[in-house]
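structure-v8.txt, holding compact mmCIF, C-alpha atoms:
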```
# COMPACT_ATOMS: atom_id res chain seq x y z
CA MET F 1 -18.59 -8.08 21.64
CA SER F 2 -15.69 -6.06 22.98
CA VAL F 3 -14.87 -2.50 22.04
CA ALA F 4 -11.73 -3.61 20.20
CA MET F 5 -13.80 -5.94 18.03
CA VAL F 6 -16.25 -3.15 17.14
CA VAL F 7 -13.39 -0.80 16.23
CA PHE F 8 -11.75 -3.55 14.17
CA ILE F 9 -14.96 -4.29 12.26
CA VAL F 10 -15.68 -0.62 11.54
CA CYS F 11 -12.13 0.17 10.42
CA GLY F 12 -11.77 -3.07 8.49
CA ALA F 13 -15.00 -2.33 6.62
CA LEU F 14 -13.73 1.20 5.91
CA THR F 15 -10.44 -0.10 4.46
CA ILE F 16 -12.25 -2.58 2.22
CA LEU F 17 -14.77 0.05 1.11
CA GLY F 18 -11.91 2.43 0.33
CA ALA F 19 -10.08 -0.22 -1.68
CA ILE F 20 -13.25 -1.02 -3.66
CA GLY F 21 -13.76 2.71 -4.19
CA LEU F 22 -10.20 2.91 -5.55
CA ILE F 23 -11.07 0.25 -8.11
CA LEU F 24 -14.49 1.59 -9.11
CA ALA F 25 -13.74 5.32 -9.29
CA ARG F 26 -13.23 6.65 -12.82
CA GLU F 27 -11.65 9.93 -11.74
CA PRO F 28 -8.10 9.61 -10.37
CA VAL F 29 -8.88 12.20 -7.68
CA HIS F 30 -11.68 10.03 -6.33
CA SER F 31 -9.31 7.06 -6.27
CA ALA F 32 -6.78 9.13 -4.34
CA LEU F 33 -9.38 10.19 -1.77
CA SER F 34 -10.49 6.56 -1.31
CA LEU F 35 -6.87 5.62 -0.71
CA VAL F 36 -6.62 8.33 1.98
CA LEU F 37 -9.62 6.70 3.68
CA VAL F 38 -7.81 3.33 3.58
CA MET F 39 -4.65 4.84 5.10
CA ILE F 40 -6.46 6.56 7.97
CA ALA F 41 -8.51 3.48 8.82
CA LEU F 42 -5.27 1.43 8.75
CA ALA F 43 -3.68 3.91 11.17
CA VAL F 44 -6.55 3.28 13.59
CA LEU F 45 -5.95 -0.45 13.22
CA TYR F 46 -2.26 0.06 14.06
CA LEU F 47 -3.32 1.94 17.19
CA LEU F 48 -5.57 -0.99 18.05
CA LEU F 49 -2.53 -3.26 17.68
CA GLY F 50 -0.58 -1.04 20.09
CA ALA F 51 1.83 0.34 17.50
CA ALA F 52 1.41 4.06 18.21
CA PHE F 53 4.57 5.19 16.42
CA ILE F 54 3.68 3.29 13.25
CA ALA F 55 0.17 4.78 13.36
CA ALA F 56 1.68 8.26 13.62
CA ILE F 57 4.06 7.83 10.69
CA GLN F 58 1.28 6.15 8.71
CA ILE F 59 -0.76 9.34 8.94
CA LEU F 60 2.22 11.72 8.61
CA VAL F 61 4.09 10.03 5.77
CA TYR F 62 1.38 8.13 3.89
CA GLY F 63 -1.67 10.31 4.49
CA GLY F 64 0.27 13.54 4.68
CA ALA F 65 3.21 13.34 2.30
CA ILE F 66 2.66 10.58 -0.25
CA MET F 67 -1.03 11.18 -0.89
CA VAL F 68 -0.51 14.94 -1.15
CA LEU F 69 2.18 14.20 -3.74
CA PHE F 70 -0.28 12.01 -5.65
CA VAL F 71 -3.07 14.62 -5.57
CA PHE F 72 -0.55 17.30 -6.55
CA VAL F 73 0.57 15.32 -9.61
CA ILE F 74 -3.05 14.54 -10.56
CA MET F 75 -3.86 18.26 -10.48
CA LEU F 76 -0.64 19.19 -12.28
CA LEU F 77 -1.23 16.76 -15.13
CA ASN F 78 -4.96 17.52 -15.32
CA ALA F 79 -5.78 13.81 -15.16
CA GLY F 80 -9.35 13.28 -16.26
CA VAL F 81 -11.71 10.32 -16.54
CA GLU F 82 -10.15 7.04 -17.64
CA VAL F 83 -10.83 6.11 -21.24
CA ARG F 84 -12.12 2.63 -22.02
CA THR F 85 -10.54 0.89 -24.99
CA ASN F 86 -11.14 -2.49 -26.60
CA LEU F 87 -8.04 -3.88 -24.95
CA SER F 88 -9.19 -2.77 -21.50
CA ARG F 89 -12.54 -4.54 -22.02
CA ILE F 90 -10.74 -7.77 -22.94
CA ALA F 91 -8.49 -7.37 -19.92
CA PHE F 92 -11.58 -6.86 -17.76
CA TRP F 93 -13.39 -10.02 -18.85
CA VAL F 94 -10.28 -12.18 -18.77
CA GLY F 95 -8.93 -10.67 -15.59
CA LEU F 96 -12.08 -10.59 -13.46
CA PRO F 97 -12.43 -14.37 -12.93
CA LEU F 98 -8.69 -14.67 -12.32
CA ALA F 99 -8.70 -11.81 -9.83
CA VAL F 100 -11.74 -13.15 -7.95
CA LEU F 101 -10.14 -16.59 -7.88
CA PHE F 102 -6.93 -15.10 -6.49
CA LEU F 103 -8.85 -13.24 -3.78
CA ILE F 104 -10.84 -16.30 -2.76
CA GLU F 105 -7.76 -18.51 -2.71
CA MET F 106 -5.83 -16.04 -0.60
CA VAL F 107 -8.61 -15.61 1.96
CA TYR F 108 -9.28 -19.35 2.03
CA SER F 109 -5.67 -20.37 2.56
CA LEU F 110 -5.08 -17.70 5.20
CA SER F 111 -8.26 -18.46 7.13
CA HIS F 112 -7.52 -22.17 6.81
CA GLN F 113 -4.02 -21.73 8.19
CA TYR F 114 -4.96 -19.36 10.99
CA ALA F 115 -8.28 -20.94 11.90
CA ALA F 116 -9.80 -19.89 15.18
CA GLY F 117 -8.38 -21.95 18.00
CA THR F 118 -4.90 -22.51 16.62
CA THR F 119 -3.48 -19.15 17.60
CA LEU F 120 0.16 -18.43 17.06
CA ALA F 121 0.51 -17.81 20.76
CA SER F 122 0.22 -21.52 21.31
CA ALA F 123 3.14 -22.03 18.93
CA GLY F 124 5.72 -20.72 21.35
CA ALA F 125 5.12 -16.98 21.36
CA VAL F 126 4.45 -15.09 24.55
CA ALA F 127 0.76 -14.93 25.31
CA GLY F 128 -0.88 -11.61 26.02
CA PRO F 129 1.65 -9.33 24.33
CA VAL F 130 2.22 -5.86 25.72
CA PRO F 131 1.85 -2.85 23.41
CA ALA F 132 5.13 -1.99 21.75
CA SER F 133 6.50 1.22 23.19
CA THR F 134 8.05 3.84 20.96
CA GLU F 135 11.09 3.89 23.24
CA GLU F 136 11.89 0.22 22.65
CA LEU F 137 11.30 0.66 18.93
CA SER F 138 13.68 3.60 18.69
CA MET F 139 16.30 1.72 20.71
CA LYS F 140 16.01 -1.12 18.22
CA ILE F 141 16.25 1.15 15.16
CA PHE F 142 19.25 3.09 16.45
CA THR F 143 21.24 0.14 17.77
CA GLU F 144 20.51 -3.09 15.94
CA PHE F 145 19.25 -1.57 12.69
CA VAL F 146 21.44 1.52 12.55
CA LEU F 147 23.21 0.51 9.31
CA PRO F 148 19.95 0.01 7.34
CA PHE F 149 18.71 3.26 8.85
CA GLU F 150 21.74 5.15 7.52
CA LEU F 151 21.41 3.39 4.17
CA THR F 152 17.82 4.64 3.83
CA SER F 153 19.09 8.19 4.11
CA ILE F 154 21.37 7.51 1.12
CA LEU F 155 18.41 5.93 -0.68
CA ILE F 156 16.29 9.02 -0.10
CA LEU F 157 19.14 11.25 -1.30
CA ILE F 158 19.37 9.20 -4.51
CA ALA F 159 15.57 9.35 -4.89
CA ILE F 160 15.61 13.14 -4.56
CA LEU F 161 18.35 13.43 -7.18
CA GLY F 162 16.55 10.98 -9.48
CA ALA F 163 13.25 12.81 -9.19
CA LEU F 164 14.99 16.14 -9.88
CA VAL F 165 16.82 14.83 -12.94
CA LEU F 166 13.67 13.16 -14.32
CA ALA F 167 11.32 16.07 -13.77
CA LYS F 168 13.74 18.73 -15.03
CA LYS F 169 12.68 20.41 -18.24
CA GLU F 170 15.08 19.55 -21.02
CA ALA F 171 16.82 22.54 -22.51
CA SER F 172 15.73 22.45 -26.14
CA MET O 1 -9.17 -8.87 21.89
CA VAL O 2 -9.23 -9.36 18.15
CA PRO O 3 -7.59 -12.60 17.00
CA ILE O 4 -4.62 -12.26 14.67
CA SER O 5 -6.33 -14.32 11.97
CA TYR O 6 -8.79 -11.48 11.37
CA TYR O 7 -5.96 -9.04 10.73
CA ILE O 8 -4.21 -11.47 8.39
CA ILE O 9 -7.40 -12.10 6.43
CA LEU O 10 -8.07 -8.35 6.19
CA SER O 11 -4.50 -7.92 4.97
CA GLY O 12 -5.05 -10.65 2.36
CA ILE O 13 -8.28 -9.04 1.15
CA LEU O 14 -6.60 -5.63 0.86
CA PHE O 15 -3.65 -7.12 -1.03
CA GLY O 16 -6.02 -8.92 -3.41
CA LEU O 17 -7.98 -5.74 -4.04
CA GLY O 18 -4.68 -3.99 -4.73
CA VAL O 19 -3.77 -6.65 -7.30
CA ILE O 20 -7.21 -6.29 -8.92
CA ALA O 21 -6.80 -2.51 -9.10
CA PHE O 22 -3.30 -2.96 -10.53
CA ILE O 23 -4.65 -5.21 -13.29
CA PHE O 24 -7.82 -3.30 -14.15
CA LYS O 25 -6.91 0.35 -13.92
CA ARG O 26 -5.69 2.00 -17.10
CA ASN O 27 -4.55 5.28 -15.60
CA ILE O 28 -0.86 5.21 -14.73
CA ILE O 29 -1.35 7.28 -11.55
CA THR O 30 -4.09 4.96 -10.28
CA ILE O 31 -1.82 1.98 -10.93
CA PHE O 32 0.77 3.63 -8.68
CA MET O 33 -1.90 4.06 -6.02
CA SER O 34 -2.75 0.37 -6.15
CA ILE O 35 0.92 -0.44 -5.51
CA GLU O 36 0.71 1.75 -2.40
CA LEU O 37 -2.43 -0.17 -1.37
CA MET O 38 -0.55 -3.48 -1.62
CA LEU O 39 2.34 -2.07 0.44
CA ASN O 40 -0.16 -1.02 3.10
CA ALA O 41 -1.72 -4.47 3.18
CA VAL O 42 1.68 -6.05 3.77
CA ASN O 43 2.41 -3.49 6.51
CA LEU O 44 -0.77 -4.53 8.30
CA ALA O 45 0.36 -8.17 8.28
CA PHE O 46 3.79 -7.13 9.62
CA VAL O 47 2.27 -5.16 12.50
CA ALA O 48 -0.19 -7.94 13.34
CA PHE O 49 2.54 -10.60 13.47
CA SER O 50 4.81 -8.27 15.43
CA ARG O 51 2.07 -7.90 18.03
CA GLU O 52 1.31 -11.60 18.12
CA PHE O 53 4.92 -12.71 18.61
CA ASN O 54 5.70 -9.75 20.86
CA GLN O 55 8.73 -8.88 18.73
CA LEU O 56 9.61 -5.39 17.56
CA ASP O 57 11.39 -6.43 14.34
CA GLY O 58 8.12 -6.33 12.41
CA LEU O 59 7.60 -2.70 13.35
CA VAL O 60 11.15 -1.85 12.25
CA PHE O 61 10.38 -3.47 8.90
CA VAL O 62 7.19 -1.42 8.57
CA PHE O 63 9.24 1.71 9.27
CA PHE O 64 11.64 0.86 6.45
CA VAL O 65 8.80 -0.10 4.10
CA ILE O 66 7.19 3.31 4.63
CA VAL O 67 10.51 5.09 4.00
CA VAL O 68 11.12 3.13 0.79
CA ALA O 69 7.51 3.72 -0.32
CA ALA O 70 8.03 7.45 0.06
CA ALA O 71 11.21 7.34 -2.05
CA GLU O 72 9.48 5.13 -4.62
CA ALA O 73 6.50 7.49 -4.87
CA ALA O 74 8.80 10.47 -5.50
CA VAL O 75 10.75 8.75 -8.29
CA GLY O 76 7.65 7.06 -9.73
CA LEU O 77 5.65 10.26 -9.97
CA ALA O 78 8.61 11.97 -11.64
CA ILE O 79 8.59 9.16 -14.23
CA VAL O 80 4.81 9.61 -14.64
CA MET O 81 5.35 13.29 -15.31
CA VAL O 82 7.97 12.55 -17.98
CA ILE O 83 5.67 10.01 -19.63
CA ALA O 84 2.74 12.45 -19.57
CA ARG O 85 4.94 15.15 -21.09
CA ASN O 86 6.25 12.91 -23.88
CA ARG O 87 3.09 10.94 -24.71
CA LYS O 88 0.47 13.60 -23.91
CA SER O 89 -1.56 10.84 -22.26
CA LEU O 90 -1.82 9.02 -18.93
CA ASN O 91 -3.17 5.78 -20.38
CA VAL O 92 -0.74 2.88 -19.94
CA GLU O 93 -1.72 1.46 -23.34
CA ASP O 94 -0.10 4.44 -25.00
CA VAL O 95 3.25 3.51 -23.46
CA ASN O 96 4.11 0.65 -25.79
CA LEU O 97 7.58 1.33 -27.18
CA LEU O 98 9.05 -1.78 -25.55
CA LYS O 99 6.08 -3.93 -26.53
CA PHE O 100 6.48 -6.52 -29.24
```

What does the file become when written as structure tokens?
Amino acid sequence: MSVAMVVFIVCGALTILGAIGLILAREPVHSALSLVLVMIALAVLYLLLGAAFIAAIQILVYGGAIMVLFVFVIMLLNAGVEVRTNLSRIAFWVGLPLAVLFLIEMVYSLSHQYAAGTTLASAGAVAGPVPASTEELSMKIFTEFVLPFELTSILILIAILGALVLAKKEAS
Amino acid sequence: MVPISYYIILSGILFGLGVIAFIFKRNIITIFMSIELMLNAVNLAFVAFSREFNQLDGLVFVFFVIVVAAAEAAVGLAIVMVIARNRKSLNVEDVNLLKF
């Protein structure tokens, strides 16, 4: 077994454990910390795939900014243990078989489609891909995708204004 | 080298777990977190396919997905704060004004 395979198995197991922890935790803070585990393990997987820049912004933006925002709001709102109601029990017993079925179907169809042996490389792609360099990626973003890039700055501006307007205390 | 099918299956499992969390969790903040989990699962599939086809467009998409997720988290958490202030609760079942 190669080193890459070992790293993949360890990090893949960590992401799945984190996702299960997100579901099972009753405290929102514990869910948030499980999600941080998922994000960091995913960043390692991106490194394994040769996408160094994506791994960096995964840790900086997701692990650093978004999750800190989540934890901050959890602390600010004093979010405690989830309460169980009758409706949530019904949702649990109806939803569990459906959810498990969905999961099995997804894994089955994906593993069926991408069964070992029929790699996509045989379908016309270049075999043995080289790791994507940050330089090529930035060239692509700032030439071919420069309009969407500028539009995202407008999107973020609108998001900032929206968050400000929503979170502002109303003058009573 | 790890075959791409493993990454795609891992991505599918993560997305499914995100859907399960989205359905089962009652806390509005945790529901937001499960949306982030689903976005991450899709990002993993994008990166894996980008590597397999040796094309950088997938990575550009992941970049934009992360940017939009950051904007979405900011607005979403502001909405959560307004709901918590008005309803004095974080349970989604208490937010039922539009429910028949």

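The two atoms in question, atom CA of F:Glu170 and atom CA of O:Val92, are spaced 23.0 Å apart.
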
Per-residue nearest contacts of chain O to chain F (6 Å; only C-alpha atoms) as JSON lines:
```
{"residue": "O:Val2", "atom": "CA", "partner": "F:Met5", "partner_atom": "CA", "distance": 5.7}
{"residue": "O:Ser5", "atom": "CA", "partner": "F:Tyr114", "partner_atom": "CA", "distance": 5.3}
{"residue": "O:Ile9", "atom": "CA", "partner": "F:Val107", "partner_atom": "CA", "distance": 5.8}
{"residue": "O:Gly16", "atom": "CA", "partner": "F:Leu103", "partner_atom": "CA", "distance": 5.2}
{"residue": "O:Ile20", "atom": "CA", "partner": "F:Ala99", "partner_atom": "CA", "distance": 5.8}
{"residue": "O:Ala21", "atom": "CA", "partner": "F:Ile23", "partner_atom": "CA", "distance": 5.2}
{"residue": "O:Phe53", "atom": "CA", "partner": "F:Ala125", "partner_atom": "CA", "distance": 5.1}
{"residue": "O:Asn54", "atom": "CA", "partner": "F:Pro129", "partner_atom": "CA", "distance": 5.3}
{"residue": "O:Ala71", "atom": "CA", "partner": "F:Ala159", "partner_atom": "CA", "distance": 5.6}
{"residue": "O:Val75", "atom": "CA", "partner": "F:Ala163", "partner_atom": "CA", "distance": 4.9}
{"residue": "O:Ala78", "atom": "CA", "partner": "F:Ala163", "partner_atom": "CA", "distance": 5.3}
```

Residue subset to file, keeping C-alpha atoms, as an mmCIF file, in the coordinates of the input:
```cif
data_model
loop_
_atom_site.group_PDB
_atom_site.id
_atom_site.type_symbol
_atom_site.label_atom_id
_atom_site.label_comp_id
_atom_site.auth_asym_id
_atom_site.auth_seq_id
_atom_site.Cartn_x
_atom_site.Cartn_y
_atom_site.Cartn_z
ATOM 1 C CA VAL O 2 -9.230 -9.360 18.150
ATOM 2 C CA SER O 5 -6.330 -14.320 11.970
ATOM 3 C CA ILE O 9 -7.400 -12.100 6.430
ATOM 4 C CA GLY O 16 -6.020 -8.920 -3.410
ATOM 5 C CA ILE O 20 -7.210 -6.290 -8.920
ATOM 6 C CA ALA O 21 -6.800 -2.510 -9.100
ATOM 7 C CA PHE O 53 4.920 -12.710 18.610
ATOM 8 C CA ASN O 54 5.700 -9.750 20.860
ATOM 9 C CA ALA O 71 11.210 7.340 -2.050
ATOM 10 C CA VAL O 75 10.750 8.750 -8.290
ATOM 11 C CA ALA O 78 8.610 11.970 -11.640
#
```

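Across the structure, atom CA of O:Ile31 and atom CA of O:Arg87 are spaced 17.2 Å apart.
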
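A straight line drawn from atom CA of O:Asp94 to atom CA of O:Phe32 is 16.4 Å long.
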
- prompt: Smallest atom-to-atom distance to O:Ser34: which of O:Val47, O:Val67, O:Ile8, O:Ala73, using all atoms listed in the file?
  reply: O:Ala73

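You can rank O:Arg85, O:Ala41, O:Phe64, O:Ala74 by their closest distance to F:Glu150 using all atoms listed in the file, and at the top of that list sits O:Phe64.
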
Nearest-residue call for O:Ile29, choices O:Val82, O:Leu77, O:Leu44, O:Leu97, using all atoms listed in the file: O:Leu77

task: Can you work out which one of O:Ala84, O:Asn40, O:Ala70, O:Leu56 has the shortest atom-to-atom distance to F:Gly64, counting all atoms listed in the file?
output: O:Ala70

query: So which residues touch O:Ala45 within 10 Å, counting only C-alpha atoms, skipping near sequence neighbours fewer than 6 positions away, as a ChimeraX atom specification?
result: /O:4-5,7-12,51,58,62
